[in-house]
Structures are given as structure tokens and as C-alpha cells.
file model-v4.cif (mmCIF, C-alpha atoms)
data_model
loop_
_atom_site.label_atom_id
_atom_site.label_comp_id
_atom_site.auth_asym_id
_atom_site.auth_seq_id
_atom_site.Cartn_x
_atom_site.Cartn_y
_atom_site.Cartn_z
CA MET B 6 -28.08 -13.71 -37.72
CA LYS B 7 -29.48 -15.69 -40.61
CA PRO B 8 -31.85 -18.53 -39.63
CA THR B 9 -31.73 -21.90 -41.37
CA PHE B 10 -34.41 -24.55 -40.92
CA LEU B 11 -33.36 -28.17 -41.08
CA ILE B 12 -36.15 -30.72 -41.45
CA LEU B 13 -34.72 -34.04 -40.34
CA PRO B 14 -36.80 -37.12 -41.28
CA LEU B 15 -36.03 -39.60 -38.54
CA ILE B 16 -36.79 -43.25 -38.12
CA GLY B 17 -40.21 -43.96 -36.71
CA GLY B 18 -42.66 -43.58 -39.55
CA SER B 19 -44.16 -40.10 -39.55
CA PHE B 20 -41.83 -38.66 -36.93
CA ALA B 21 -39.61 -35.76 -37.95
CA ALA B 22 -37.60 -33.21 -35.98
CA THR B 23 -37.26 -29.56 -36.96
CA ILE B 24 -34.03 -27.80 -36.05
CA GLN B 25 -33.86 -24.05 -36.37
CA ALA B 26 -30.24 -22.99 -36.53
CA PHE B 27 -29.09 -19.36 -36.60
CA TYR B 28 -25.84 -18.68 -38.43
CA ASP B 29 -23.44 -15.75 -38.48
CA SER B 30 -20.45 -15.72 -40.84
CA GLY B 31 -21.07 -19.38 -41.62
CA ASN B 32 -21.00 -20.52 -37.99
CA VAL B 33 -23.91 -21.76 -35.90
CA GLN B 34 -24.68 -19.25 -33.13
CA GLN B 35 -27.97 -20.44 -31.73
CA VAL B 36 -30.14 -23.53 -32.09
CA VAL B 37 -33.83 -24.08 -31.38
CA LEU B 38 -34.49 -27.79 -30.85
CA ASN B 39 -37.84 -29.17 -29.72
CA GLY B 40 -38.87 -25.68 -28.63
CA GLN B 41 -35.78 -25.08 -26.49
CA ILE B 42 -33.19 -22.41 -27.30
CA PHE B 43 -29.52 -23.44 -27.00
CA ASP B 44 -26.41 -21.29 -27.20
CA ALA B 45 -24.04 -22.55 -29.91
CA SER B 46 -21.79 -19.49 -30.03
CA PRO B 47 -18.00 -19.83 -29.83
CA SER B 48 -18.05 -18.79 -26.16
CA ALA B 49 -20.42 -21.69 -25.35
CA ARG B 50 -18.12 -24.13 -27.15
CA VAL B 51 -14.90 -23.28 -25.34
CA GLY B 52 -13.20 -26.55 -24.34
CA PHE B 53 -14.95 -28.52 -27.10
CA SER B 54 -13.64 -29.67 -30.48
CA LEU B 55 -17.02 -30.31 -32.09
CA ASP B 56 -17.90 -29.00 -35.55
CA LEU B 57 -21.69 -28.95 -35.75
CA ASN B 58 -21.53 -28.85 -39.56
CA GLU B 59 -19.29 -31.91 -39.93
CA LYS B 60 -20.90 -34.66 -41.99
CA ARG B 61 -21.11 -38.13 -40.45
CA LEU B 62 -22.32 -41.44 -41.88
CA VAL B 63 -25.11 -42.78 -39.69
CA GLN B 64 -26.88 -46.14 -39.71
CA MET B 65 -30.34 -46.52 -38.20
CA GLU B 66 -32.43 -49.66 -37.86
CA GLY B 67 -33.70 -51.05 -41.14
CA LYS B 68 -32.39 -48.14 -43.22
CA GLU B 69 -29.52 -47.53 -45.57
CA PRO B 70 -26.75 -45.40 -44.03
CA VAL B 71 -27.26 -41.66 -44.46
CA TRP B 72 -25.00 -38.65 -44.17
CA MET B 73 -26.02 -36.10 -41.57
CA THR B 74 -24.31 -33.29 -39.72
CA GLU B 75 -23.25 -33.47 -36.09
CA LEU B 76 -26.10 -31.07 -35.35
CA GLU B 77 -28.57 -33.44 -36.97
CA LYS B 78 -27.10 -36.32 -34.94
CA ILE B 79 -27.70 -34.30 -31.76
CA ALA B 80 -31.31 -33.73 -32.78
CA ALA B 81 -31.80 -37.41 -33.59
CA LYS B 82 -30.46 -38.53 -30.21
CA ALA B 83 -32.49 -35.89 -28.36
CA ASN B 84 -35.59 -37.39 -29.95
CA GLY B 85 -34.78 -40.94 -28.93
CA VAL B 86 -33.41 -42.22 -32.24
CA LYS B 87 -30.72 -44.87 -31.78
CA PHE B 88 -27.97 -45.29 -34.32
CA PHE B 89 -24.44 -46.30 -35.17
CA ASP B 90 -22.08 -43.60 -36.40
CA ILE B 91 -20.23 -45.72 -38.97
CA THR B 92 -18.08 -42.98 -40.51
CA ASP B 93 -14.89 -44.66 -39.27
CA THR B 94 -16.17 -48.27 -39.32
CA PRO B 95 -18.41 -48.64 -42.39
CA ASP B 96 -17.56 -52.33 -42.83
CA LEU B 97 -17.73 -53.57 -39.24
CA ASP B 98 -20.26 -56.28 -40.02
CA ALA B 99 -18.19 -57.37 -43.03
CA VAL B 100 -14.91 -57.92 -41.16
CA SER B 101 -16.29 -60.66 -38.93
CA HIS B 102 -15.21 -64.15 -39.95
CA VAL B 103 -16.97 -67.51 -39.91
CA GLY B 104 -15.26 -68.71 -36.75
CA VAL B 105 -16.43 -65.68 -34.78
CA ARG B 106 -20.03 -66.07 -35.91
CA SER B 107 -20.40 -69.58 -34.51
CA THR B 108 -22.22 -69.48 -31.19
CA PRO B 109 -20.26 -71.06 -28.34
CA SER B 110 -21.88 -73.14 -25.64
CA TYR B 111 -21.73 -72.20 -21.98
CA PRO B 112 -21.61 -74.88 -19.28
CA PRO B 113 -23.72 -74.43 -16.12
CA PRO B 114 -22.11 -72.29 -13.38
CA CYS B 115 -19.74 -74.50 -11.38
CA SER B 116 -17.35 -72.19 -9.50
CA HIS B 117 -19.68 -71.35 -6.63
CA GLU B 118 -17.08 -71.51 -3.87
CA GLN B 119 -14.63 -69.22 -5.66
CA VAL B 120 -17.27 -66.71 -6.82
CA THR B 121 -18.89 -66.53 -3.39
CA LYS B 122 -15.56 -65.90 -1.72
CA VAL B 123 -14.63 -63.08 -4.09
CA ILE B 124 -17.97 -61.26 -4.03
CA LYS B 125 -17.82 -61.11 -0.23
CA ALA B 126 -14.95 -58.63 -0.67
CA LEU B 127 -17.07 -56.20 -2.71
CA SER B 128 -17.79 -52.85 -1.12
CA THR B 129 -19.80 -49.72 -1.88
CA ALA B 130 -17.02 -47.49 -0.49
CA GLY B 131 -14.80 -47.63 -3.57
CA PRO B 132 -17.59 -47.15 -6.11
CA ARG B 133 -18.97 -44.21 -4.13
CA ALA B 134 -15.61 -42.44 -3.87
CA ASN B 135 -14.78 -43.17 -7.51
CA LEU B 136 -18.16 -42.02 -8.79
CA GLU B 137 -18.06 -38.83 -6.71
CA LYS B 138 -14.83 -37.96 -8.52
CA PHE B 139 -15.86 -39.26 -11.93
CA SER B 140 -19.14 -37.33 -11.96
CA SER B 141 -17.44 -34.14 -10.76
CA PHE B 142 -16.06 -33.42 -14.24
CA ARG B 143 -18.28 -30.82 -15.89
CA THR B 144 -18.90 -33.26 -18.72
CA ARG B 145 -17.27 -36.41 -20.02
CA TYR B 146 -18.36 -35.62 -23.57
CA TYR B 147 -15.98 -37.33 -25.97
CA ARG B 148 -14.99 -34.14 -27.78
CA SER B 149 -14.46 -32.04 -24.66
CA GLU B 150 -11.32 -31.24 -22.72
CA THR B 151 -12.95 -32.44 -19.49
CA GLY B 152 -13.90 -35.66 -21.30
CA ARG B 153 -10.23 -36.22 -22.03
CA GLU B 154 -9.32 -35.31 -18.44
CA SER B 155 -11.86 -37.79 -17.05
CA GLN B 156 -10.44 -40.53 -19.27
CA ARG B 157 -6.93 -39.84 -18.01
CA TRP B 158 -8.20 -39.92 -14.42
CA LEU B 159 -9.91 -43.27 -15.02
CA LEU B 160 -6.76 -44.70 -16.57
CA SER B 161 -4.71 -43.59 -13.56
CA LYS B 162 -7.27 -45.13 -11.18
CA ILE B 163 -7.16 -48.49 -12.99
CA ARG B 164 -3.38 -48.45 -12.81
CA GLN B 165 -3.47 -47.50 -9.13
CA ILE B 166 -5.88 -50.31 -8.27
CA THR B 167 -3.74 -52.80 -10.19
CA LYS B 168 -0.57 -51.70 -8.39
CA GLU B 169 -2.17 -51.66 -4.93
CA SER B 170 -4.40 -54.74 -5.20
CA ALA B 171 -2.67 -57.25 -7.47
CA SER B 172 0.36 -59.24 -6.39
CA PRO B 173 3.60 -58.67 -8.34
CA GLU B 174 3.11 -62.09 -9.95
CA LEU B 175 -0.42 -61.22 -11.09
CA GLN B 176 0.66 -57.77 -12.27
CA SER B 177 2.99 -59.53 -14.71
CA LEU B 178 -0.12 -61.08 -16.32
CA ILE B 179 -2.00 -57.78 -16.60
CA THR B 180 -1.78 -55.25 -19.41
CA ILE B 181 -3.54 -51.88 -19.36
CA THR B 182 -3.89 -50.28 -22.78
CA GLU B 183 -5.32 -47.10 -24.22
CA VAL B 184 -7.08 -47.64 -27.53
CA HIS B 185 -6.41 -44.33 -29.22
CA HIS B 186 -9.15 -42.44 -31.04
CA SER B 187 -8.85 -39.36 -33.22
CA TRP B 188 -11.13 -37.33 -30.95
CA GLY B 189 -8.73 -37.63 -28.00
CA GLN B 190 -10.81 -39.44 -25.38
CA HIS B 191 -9.42 -42.96 -25.59
CA SER B 192 -11.02 -46.29 -24.72
CA ILE B 193 -9.26 -48.36 -22.04
CA VAL B 194 -8.66 -52.12 -21.93
CA ALA B 195 -7.40 -53.91 -18.80
CA ARG B 196 -6.50 -57.50 -19.69
CA ILE B 197 -5.74 -60.40 -17.36
CA ASN B 198 -3.95 -62.90 -19.55
CA GLY B 199 -5.16 -66.49 -19.50
CA SER B 200 -3.03 -69.52 -18.75
CA SER B 201 -4.52 -71.84 -21.37
CA THR B 202 -2.40 -72.74 -24.36
CA VAL B 203 -5.37 -74.11 -26.31
CA ASP B 204 -8.25 -71.68 -25.73
CA HIS B 205 -7.52 -68.00 -26.32
CA ARG B 206 -11.11 -66.85 -26.63
CA ILE B 207 -11.59 -63.60 -24.71
CA VAL B 208 -14.15 -62.79 -22.01
CA VAL B 209 -15.09 -59.09 -22.18
CA ILE B 210 -16.83 -57.00 -19.51
CA GLY B 211 -17.64 -53.48 -20.67
CA ALA B 212 -19.06 -50.08 -19.76
CA HIS B 213 -18.86 -46.64 -21.36
CA GLN B 214 -16.91 -43.85 -19.73
CA ASP B 215 -18.30 -40.84 -21.61
CA SER B 216 -21.37 -38.77 -20.80
CA ALA B 217 -23.49 -36.36 -22.81
CA ASN B 218 -26.13 -33.73 -22.19
CA SER B 219 -28.85 -33.61 -24.83
CA TRP B 220 -27.23 -30.29 -25.77
CA PRO B 221 -23.58 -31.36 -25.53
CA PHE B 222 -22.10 -28.03 -24.43
CA LEU B 223 -24.09 -28.10 -21.17
CA PRO B 224 -22.97 -29.90 -17.98
CA SER B 225 -23.33 -33.67 -17.96
CA PRO B 226 -22.18 -35.33 -14.71
CA GLY B 227 -23.35 -38.71 -16.02
CA ALA B 228 -23.51 -40.36 -12.60
CA ASP B 229 -25.90 -43.09 -13.74
CA ASP B 230 -25.22 -42.97 -17.50
CA ASP B 231 -22.70 -44.47 -17.41
CA GLY B 232 -20.62 -43.49 -14.44
CA SER B 233 -22.45 -46.21 -12.53
CA GLY B 234 -21.45 -48.96 -14.96
CA THR B 235 -17.90 -47.64 -15.13
CA VAL B 236 -17.29 -47.87 -11.37
CA THR B 237 -19.38 -51.06 -11.07
CA ILE B 238 -17.02 -53.06 -13.27
CA LEU B 239 -14.01 -51.25 -11.78
CA GLU B 240 -15.00 -52.61 -8.36
CA SER B 241 -15.34 -56.09 -9.88
CA TYR B 242 -11.88 -55.74 -11.37
CA ARG B 243 -10.50 -54.63 -7.99
CA VAL B 244 -11.75 -57.64 -6.02
CA LEU B 245 -10.75 -60.08 -8.75
CA VAL B 246 -7.14 -58.94 -8.87
CA ALA B 247 -7.02 -58.64 -5.08
CA SER B 248 -8.12 -62.29 -4.86
CA GLY B 249 -5.26 -63.39 -7.11
CA PHE B 250 -7.61 -64.32 -9.96
CA LYS B 251 -5.70 -66.14 -12.72
CA PRO B 252 -8.12 -67.16 -15.45
CA GLN B 253 -7.52 -69.82 -18.05
CA ARG B 254 -9.14 -67.76 -20.77
CA PRO B 255 -8.08 -64.11 -21.02
CA VAL B 256 -10.49 -61.76 -19.23
CA GLU B 257 -10.70 -58.12 -20.27
CA PHE B 258 -12.38 -55.08 -18.76
CA HIS B 259 -13.26 -52.37 -21.29
CA TRP B 260 -14.19 -48.73 -20.73
CA TYR B 261 -15.38 -47.30 -24.05
CA SER B 262 -15.23 -43.75 -25.29
CA ALA B 263 -17.97 -42.00 -27.28
CA GLU B 264 -20.85 -44.42 -26.71
CA GLU B 265 -23.27 -41.50 -26.57
CA ASN B 266 -22.41 -40.39 -30.09
CA GLY B 267 -23.07 -43.55 -32.05
CA LEU B 268 -21.01 -46.25 -30.27
CA LEU B 269 -17.81 -44.91 -31.79
CA GLY B 270 -15.31 -46.29 -29.27
CA SER B 271 -16.68 -49.80 -29.01
CA GLN B 272 -17.04 -50.06 -32.79
CA ALA B 273 -13.36 -49.19 -33.18
CA VAL B 274 -12.34 -51.78 -30.58
CA ALA B 275 -14.60 -54.50 -31.99
CA GLN B 276 -13.38 -53.85 -35.53
CA SER B 277 -9.77 -54.07 -34.37
CA TYR B 278 -10.43 -57.46 -32.74
CA ALA B 279 -12.29 -58.82 -35.74
CA THR B 280 -9.64 -57.58 -38.18
CA GLN B 281 -6.95 -59.33 -36.12
CA GLY B 282 -8.99 -62.53 -36.10
CA LEU B 283 -9.36 -62.49 -32.32
CA GLU B 284 -12.18 -64.58 -30.91
CA VAL B 285 -14.44 -63.37 -28.12
CA TYR B 286 -16.08 -66.07 -26.02
CA ALA B 287 -18.56 -63.71 -24.37
CA MET B 288 -19.11 -59.95 -24.03
CA SER B 289 -21.29 -58.34 -21.35
CA GLN B 290 -22.17 -54.62 -21.23
CA TYR B 291 -23.02 -52.68 -18.04
CA ASP B 292 -24.71 -49.39 -18.90
CA MET B 293 -26.65 -47.75 -16.01
CA THR B 294 -26.65 -49.87 -12.85
CA ALA B 295 -27.75 -47.50 -10.05
CA TRP B 296 -31.45 -46.66 -10.26
CA VAL B 297 -34.26 -48.29 -8.31
CA LYS B 298 -37.44 -46.43 -9.16
CA ARG B 299 -39.52 -45.56 -6.14
CA GLY B 300 -42.47 -47.90 -5.69
CA THR B 301 -41.02 -50.67 -7.87
CA ARG B 302 -39.42 -54.01 -7.08
CA GLU B 303 -35.62 -53.98 -7.08
CA GLU B 304 -34.51 -56.15 -9.98
CA ILE B 305 -31.92 -56.68 -12.70
CA GLY B 306 -32.97 -55.73 -16.21
CA VAL B 307 -31.90 -58.38 -18.72
CA ILE B 308 -32.05 -57.05 -22.26
CA VAL B 309 -33.55 -59.63 -24.62
CA ASP B 310 -33.52 -57.83 -27.97
CA PHE B 311 -30.49 -57.42 -30.24
CA VAL B 312 -28.42 -59.72 -28.00
CA ASP B 313 -27.08 -63.26 -28.12
CA ASP B 314 -29.86 -65.52 -26.83
CA THR B 315 -27.60 -68.33 -25.59
CA LEU B 316 -25.36 -66.00 -23.60
CA THR B 317 -28.40 -64.15 -22.25
CA LYS B 318 -29.81 -67.41 -20.89
CA TYR B 319 -26.46 -68.09 -19.25
CA ASN B 320 -26.44 -64.59 -17.74
CA LYS B 321 -29.79 -65.37 -16.13
CA GLN B 322 -28.29 -68.51 -14.59
CA LEU B 323 -25.57 -66.38 -13.02
CA ILE B 324 -28.16 -63.98 -11.61
CA ASP B 325 -30.12 -66.85 -10.09
CA ALA B 326 -26.97 -68.40 -8.65
CA TYR B 327 -25.17 -65.38 -7.19
CA LEU B 328 -27.42 -62.31 -6.83
CA SER B 329 -29.91 -61.50 -4.10
CA ILE B 330 -32.52 -59.93 -6.39
CA PRO B 331 -34.42 -61.33 -9.39
CA TYR B 332 -34.17 -60.39 -13.04
CA VAL B 333 -36.80 -59.11 -15.45
CA ASP B 334 -36.78 -59.43 -19.23
CA THR B 335 -36.79 -56.06 -20.96
CA LYS B 336 -35.98 -54.47 -24.32
CA CYS B 337 -33.80 -51.52 -25.25
CA GLY B 338 -33.87 -51.32 -29.04
CA TYR B 339 -31.38 -51.01 -31.86
CA ALA B 340 -27.82 -49.79 -31.17
CA CYS B 341 -28.78 -49.28 -27.54
CA SER B 342 -25.31 -49.61 -26.00
CA ASP B 343 -21.82 -50.92 -26.72
CA HIS B 344 -22.78 -54.60 -26.82
CA ALA B 345 -24.35 -53.77 -30.19
CA SER B 346 -20.93 -53.07 -31.70
CA TRP B 347 -19.75 -56.56 -30.75
CA SER B 348 -22.93 -58.17 -32.04
CA LYS B 349 -22.47 -56.33 -35.31
CA ALA B 350 -18.96 -57.73 -35.59
CA GLY B 351 -20.31 -61.27 -35.14
CA TYR B 352 -19.44 -61.81 -31.48
CA PRO B 353 -21.82 -63.09 -28.75
CA ALA B 354 -22.76 -60.06 -26.66
CA ILE B 355 -25.34 -59.19 -24.01
CA PHE B 356 -26.53 -56.20 -21.99
CA THR B 357 -27.71 -55.92 -18.38
CA ILE B 358 -29.33 -52.71 -17.08
CA GLU B 359 -30.55 -51.31 -13.75
CA ALA B 360 -34.25 -52.27 -14.15
CA SER B 361 -36.85 -52.87 -16.78
CA PHE B 362 -36.26 -50.26 -19.46
CA GLU B 363 -39.43 -48.34 -18.59
CA ASN B 364 -38.38 -48.10 -14.93
CA SER B 365 -34.87 -46.83 -15.69
CA ASN B 366 -33.61 -43.34 -14.93
CA HIS B 367 -35.00 -41.63 -18.03
CA ALA B 368 -35.87 -38.33 -16.34
CA ASN B 369 -32.30 -37.47 -15.37
CA ILE B 370 -29.90 -39.01 -17.86
CA HIS B 371 -28.51 -36.69 -20.55
CA THR B 372 -29.20 -33.70 -18.28
CA SER B 373 -27.30 -31.83 -15.58
CA ASN B 374 -29.43 -33.73 -13.03
CA ASP B 375 -27.74 -37.09 -13.61
CA ARG B 376 -26.14 -36.86 -10.17
CA ILE B 377 -25.56 -39.14 -7.21
CA ASP B 378 -27.53 -36.87 -4.89
CA ILE B 379 -30.54 -36.28 -7.13
CA SER B 380 -32.67 -38.89 -5.37
CA SER B 381 -32.58 -41.75 -2.87
CA GLU B 382 -33.49 -43.88 -5.88
CA PHE B 383 -29.78 -43.74 -6.78
CA SER B 384 -28.46 -46.80 -4.95
CA PHE B 385 -24.89 -47.98 -4.45
CA GLU B 386 -26.23 -51.18 -2.90
CA HIS B 387 -28.06 -51.85 -6.16
CA MET B 388 -24.85 -51.24 -8.10
CA LEU B 389 -23.15 -53.87 -5.95
CA GLU B 390 -25.47 -56.53 -7.35
CA PHE B 391 -24.07 -55.78 -10.80
CA SER B 392 -20.52 -55.97 -9.46
CA LYS B 393 -21.38 -59.45 -8.20
CA LEU B 394 -22.64 -60.38 -11.66
CA ALA B 395 -19.48 -59.14 -13.37
CA VAL B 396 -17.32 -61.11 -10.92
CA ALA B 397 -19.34 -64.27 -11.59
CA PHE B 398 -19.18 -63.67 -15.35
CA ALA B 399 -15.39 -63.34 -15.23
CA ILE B 400 -14.72 -66.35 -13.00
CA GLU B 401 -17.20 -68.77 -14.53
CA LEU B 402 -16.36 -67.97 -18.15
CA GLY B 403 -12.65 -67.45 -17.52
CA GLU B 404 -12.34 -71.16 -16.73
CA LEU B 405 -12.33 -73.91 -19.36
#

call {"tool": "encode", "arguments": {"input": "model-v4.cif", "output": "C-alpha cells"}}
result
Amino acid sequence: MKPTFLILPLIGGSFAATIQAFYDSGNVQQVVLNGQIFDASPSARVGFSLDLNEKRLVQMEGKEPVWMTELEKIAAKANGVKFFDITDTPDLDAVSHVGVRSTPSYPPPCSHEQVTKVIKALSTAGPRANLEKFSSFRTRYYRSETGRESQRWLLSKIRQITKESASPELQSLITITEVHHSWGQHSIVARINGSSTVDHRIVVIGAHQDSANSWPFLPSPGADDDGSGTVTILESYRVLVASGFKPQRPVEFHWYSAEENGLLGSQAVAQSYATQGLEVYAMSQYDMTAWVKRGTREEIGVIVDFVDDTLTKYNKQLIDAYLSIPYVDTKCGYACSDHASWSKAGYPAIFTIEASFENSNHANIHTSNDRIDISSEFSFEHMLEFSKLAVAFAIELGEL
């Protein structure tokens, strides 16, 4: 095999990653990344449709977009570099219009009786059963067959919950849509149509359904990242439709594909909305909601960088009003999760995470150890606090 050395200058001043890739007949066979040897042979890539040599256009903080291969993207992510893959959405920030960019105001929470009644119906049983299944797929990588299978399972679960929990009248107001992507793992949108004839601004609650190992061909159960957020908002959706929730503004639940590979799914969805001239009143992302680090105070991490400040302040009001644990301000960085796609398109978007960023589940995510049973620090009771928050977000902002 012929070795090729790729020196990848990454964002962060003097930092650079060296990838040693071994080729045979033009195909990558083995990769040495950060001192670890990874199998990239055809047998290791069975069930995947990923071309490591494919060129992608990548945007990193404060830099002009650059072309890099999928292999270079993998190395960048493995070394903590955050980025948008803008190959399919190079003009996302340009398609936003003036009306979208205006920051709406948010009145103080005023639906206490309704929110309190609905959150009493929340349970850890559903999220546990759903996450046990969702994290049992070998990987939910966006370009894997099991990633497509997990997406189809999630879609069937959303449909099942809607059929079993929502009244026939409410079901007539609900649409469940696959947003198709070329890679085959599709994003999912469950929409509860609003009754208002004058305010069609959309309330969006999101999570990402995909998972990724640092070396993508290895197992990635993704229980916390972001299986936890996926089932957290699914439980919120369940109790809302079971309660007969009929918002005035449309309320949508989104499960994005391909977050781990440059926010591909959410960029596609956000660009579609902006191109259509749709207005989003508020977007809230739930990415990792399960971890309570041993020896730390249980708390809600409120991201305060690269988010909408006004909506973030409102989110804190909801936490104070409806949750049993406090929040802590924390930072996540550029292109940290799917809220960033909506911000880029000019919409008000925020992000809430399981703890302060430094106390999050960094040791296990993007590995085969991102499992429910890895530690007692993985808490379904903690996840329930985020389900409460999503319920409050939907009810309070779904009303005029």
C-alpha cells in the first residue's frame, strides 16, 4: 500500500492535524489519525455510502469556505473543529429576508395552569423504551444503512404516537413529513397546525437523530448524542397531542439528519423555509439532555454564544417557572448544533444542553461507549426536565 500524508491546517492558530492515509488502487485502505490506526478497507465500509475522497465545501468560524475531502472533515471533527458543510447550501445566510431578521418580542409566561397540567403526564417510561431501541442500531451515521433504518423506525414511532395519543380531530391538524436528502437518511417534521388566521409564525423544537463515531465506520449507539434529545422532544410531543393541544401559532417538532457532519439536515430545512418566505417565531434545539456528571449540581445548560439573546432570556424564564432545577450559562462555540443553521438563515434560535459545557458527556460521545448503561450519570429523570421545558416552550409560544 502506498502511504499519503495529508497535513490539514485547522482553525485554532497553530493547530494542525496530520492524517496518514494508505492507498491501494486509488482507494483508502487504512488511516492513522491522532496516533490511532483505523481500517478503511472495503470490508470495513460495508453498509456505508461514504466516499472518503469526495470534496466538500466547509465553512469554519472567521474563515473563507474551503474545499476538503470527507476524510479531512473526519479529522477536523475528531480534533474538535466545528463547521458547517455548505456544499449544498452555500447561500443560506443570503436567502434570509428582512422580515425574518427582525427580532420578535416574547411576553412573560402566562399559561401556567395549562403547562403544569400537561407536564404532569410526562413519564420516563416512554423515553427509556424508545432510547433502548434507538441506541440499539449499530450506528445512526447519516450515510449508513442502519442510519436509514433508524430514521424509518423513528418516523414510524412518531406516526404511532400520533395515532394512539391524538384525537381524530387533532390528527386532522397534524402533518408528519419526511424532508428528503440525497444521502438517504431524511429529516422529519411533525407539525401541529395553528388556528390563527393572522399569525403564521412557526414555533420549532428540534433535535438531531443521527449519531457518529469519531471514525464513522465503528459502532455509534449515540444514546446521549443525540438519542437523548430525540426521545426527550418525542415525549413532549406525546403529552401535548394526548392533552388535545391546539396552538394558535403552528408548532413543529423537527428531527434532523446529518448534524454530526456539518449540520447538513438542518441547513437544508432552514434554507427551504427561508426560500419559501416562512417566518419562524422561535426555534429551540435539544442536543444531549441526559448527563449529570458525578459530583456536580444537576442543572440545565443554557448556551449563550451564537444564539438569539432575547429568546435565550425568555428560555430562562421558562426554566424558572416550570423546572425543578436551575440553569447555568455556558458556551458551545461556532456551528455547535442545529440551532446554528436557523441563526444563519436569520431566524431567532437557541440551544439548551444537559449541563455546563465542561460538565457534559465528553468522554463517551462519538465513541461506542455512548450508551444508556455506561454510567449512573446517564439520567432519564434529568431528561424529563428538558421534556418539561419543550412542553412549556410549545404551549407558551404557541399562543398569541

call {"tool": "residues_around", "arguments": {"input": "model-v4.cif", "residues": "stretch 29-37 of chain B", "least_positions_apart": "4", "cutoff": "8 Å", "atoms": "only C-alpha atoms", "output": "list in words"}}
result
Met6, Lys7, Ile24, Gln25, Gln41, Ile42, Phe43, Asp44, Ala45, Ser46, Pro47 and Leu57 of chain B

call {"tool": "resolve_selection", "arguments": {"input": "model-v4.cif", "expression": "the PyMOL selection byres ((chain B and resi 356) around 6)", "output": "number ranges by chain"}}
result
B: 289-290, 308, 355, 357

call {"tool": "closest_residue", "arguments": {"input": "model-v4.cif", "among": "B:Lys168, B:Lys349, B:Arg196, B:Arg299", "to": "B:Leu268", "atoms": "only C-alpha atoms"}}
result
B:Lys349

call {"tool": "closest_residue", "arguments": {"input": "model-v4.cif", "among": "B:Asp343, B:Glu363, B:Glu118, B:Glu77", "to": "B:Trp260", "atoms": "all atoms listed in the file"}}
result
B:Asp343

call {"tool": "atom_distance", "arguments": {"input": "model-v4.cif", "atom1": "atom CA of B:Tyr327", "atom2": "atom CA of B:Ala360"}}
result
17.4 Å

call {"tool": "closest_residue", "arguments": {"input": "model-v4.cif", "among": "B:Trp220, B:Arg302, B:Glu154, B:Arg133", "to": "B:Asn39", "atoms": "all atoms listed in the file"}}
result
B:Trp220

call {"tool": "closest_residue", "arguments": {"input": "model-v4.cif", "among": "B:Ser161, B:Asn374, B:Ser128, B:Asn84", "to": "B:Val244", "atoms": "all atoms listed in the file"}}
result
B:Ser128

call {"tool": "closest_residue", "arguments": {"input": "model-v4.cif", "among": "B:Gln253, B:Thr121, B:Ser149, B:Ser233", "to": "B:Ala49", "atoms": "all atoms listed in the file"}}
result
B:Ser149

call {"tool": "closest_residue", "arguments": {"input": "model-v4.cif", "among": "B:Ile91, B:Val51, B:Val396, B:Val236", "to": "B:Gln64", "atoms": "all atoms listed in the file"}}
result
B:Ile91

call {"tool": "residues_around", "arguments": {"input": "model-v4.cif", "residues": "B:His117", "least_positions_apart": "2", "cutoff": "9 Å", "atoms": "only C-alpha atoms", "output": "ChimeraX atom specification"}}
result
/B:114-115,119-122,326-327,397,401

call {"tool": "resolve_selection", "arguments": {"input": "model-v4.cif", "expression": "the PyMOL selection byres ((chain B and resi 315) around 10)", "output": "ChimeraX atom specification"}}
result
/B:108-111,312-314,316-320,353-355

call {"tool": "atom_distance", "arguments": {"input": "model-v4.cif", "atom1": "atom CA of B:His185", "atom2": "atom CA of B:Thr94"}}
result
14.6 Å

call {"tool": "resolve_selection", "arguments": {"input": "model-v4.cif", "expression": "the PyMOL selection byres ((chain B and resi 99) around 10)", "output": "MDAnalysis selection string"}}
result
chainID B and resid 95:98 100:102 276 279:280 349:351

call {"tool": "residues_around", "arguments": {"input": "model-v4.cif", "residues": "B:Gly234", "least_positions_apart": "3", "cutoff": "7 Å", "atoms": "all atoms listed in the file", "output": "list in words"}}
result
Ala212, Asp231, Thr237, Ile238, Tyr291, Asp292, Met293 and Thr294 of chain B

call {"tool": "write_last_selection", "arguments": {"input": "model-v4.cif", "atoms": "C-alpha atoms", "output": "compact mmCIF listing (two decimals), keeping the file's coordinate frame"}}
result
# COMPACT_ATOMS: atom_id res chain seq x y z
CA ALA B 212 -19.06 -50.08 -19.76
CA ASP B 231 -22.70 -44.47 -17.41
CA THR B 237 -19.38 -51.06 -11.07
CA ILE B 238 -17.02 -53.06 -13.27
CA TYR B 291 -23.02 -52.68 -18.04
CA ASP B 292 -24.71 -49.39 -18.90
CA MET B 293 -26.65 -47.75 -16.01
CA THR B 294 -26.65 -49.87 -12.85

call {"tool": "residues_around", "arguments": {"input": "model-v4.cif", "residues": "B:Ser140", "least_positions_apart": "4", "cutoff": "8 Å", "atoms": "all atoms listed in the file", "output": "PDB file with C-alpha atoms, in the frame of the given file"}}
result
ATOM      1  CA  LEU B 136     -18.160 -42.020  -8.790  1.00  0.00           C
ATOM      2  CA  THR B 144     -18.900 -33.260 -18.720  1.00  0.00           C
ATOM      3  CA  PRO B 226     -22.180 -35.330 -14.710  1.00  0.00           C
ATOM      4  CA  GLY B 227     -23.350 -38.710 -16.020  1.00  0.00           C
ATOM      5  CA  ALA B 228     -23.510 -40.360 -12.600  1.00  0.00           C
ATOM      6  CA  GLY B 232     -20.620 -43.490 -14.440  1.00  0.00           C
ATOM      7  CA  ARG B 376     -26.140 -36.860 -10.170  1.00  0.00           C
TER       8      ARG B 376
END

call {"tool": "residues_around", "arguments": {"input": "model-v4.cif", "residues": "B:Ala295", "least_positions_apart": "2", "cutoff": "7 Å", "atoms": "only C-alpha atoms", "output": "JSON, numbers by chain"}}
result
{"B": [229, 233, 293, 297, 359, 383, 384, 385, 387, 388]}

call {"tool": "decode", "arguments": {"input": "model-v4.cif", "residues": "stretch 131-136 of chain B", "atoms": "N, CA, C and O atoms", "output": "short mmCIF file (atom, residue, chain, number, x, y, z; two decimals), in the first residue's frame"}}
result
data_model
loop_
_atom_site.label_atom_id
_atom_site.label_comp_id
_atom_site.auth_asym_id
_atom_site.auth_seq_id
_atom_site.Cartn_x
_atom_site.Cartn_y
_atom_site.Cartn_z
N GLY B 131 -41.60 5.95 28.48
CA GLY B 131 -41.54 6.05 27.04
C GLY B 131 -40.15 6.40 26.54
O GLY B 131 -39.62 5.71 25.64
N PRO B 132 -39.53 7.45 27.07
CA PRO B 132 -38.17 7.77 26.64
C PRO B 132 -37.19 6.62 26.85
O PRO B 132 -36.32 6.38 26.00
N ARG B 133 -37.31 5.90 27.95
CA ARG B 133 -36.39 4.77 28.18
C ARG B 133 -36.58 3.69 27.11
O ARG B 133 -35.61 3.22 26.51
N ALA B 134 -37.83 3.29 26.88
CA ALA B 134 -38.09 2.24 25.89
C ALA B 134 -37.68 2.71 24.49
O ALA B 134 -37.06 1.94 23.73
N ASN B 135 -37.98 3.94 24.16
CA ASN B 135 -37.62 4.46 22.84
C ASN B 135 -36.12 4.56 22.65
O ASN B 135 -35.59 4.25 21.58
N LEU B 136 -35.42 5.00 23.71
CA LEU B 136 -33.97 5.16 23.58
C LEU B 136 -33.26 3.81 23.58
O LEU B 136 -32.22 3.65 22.93
#
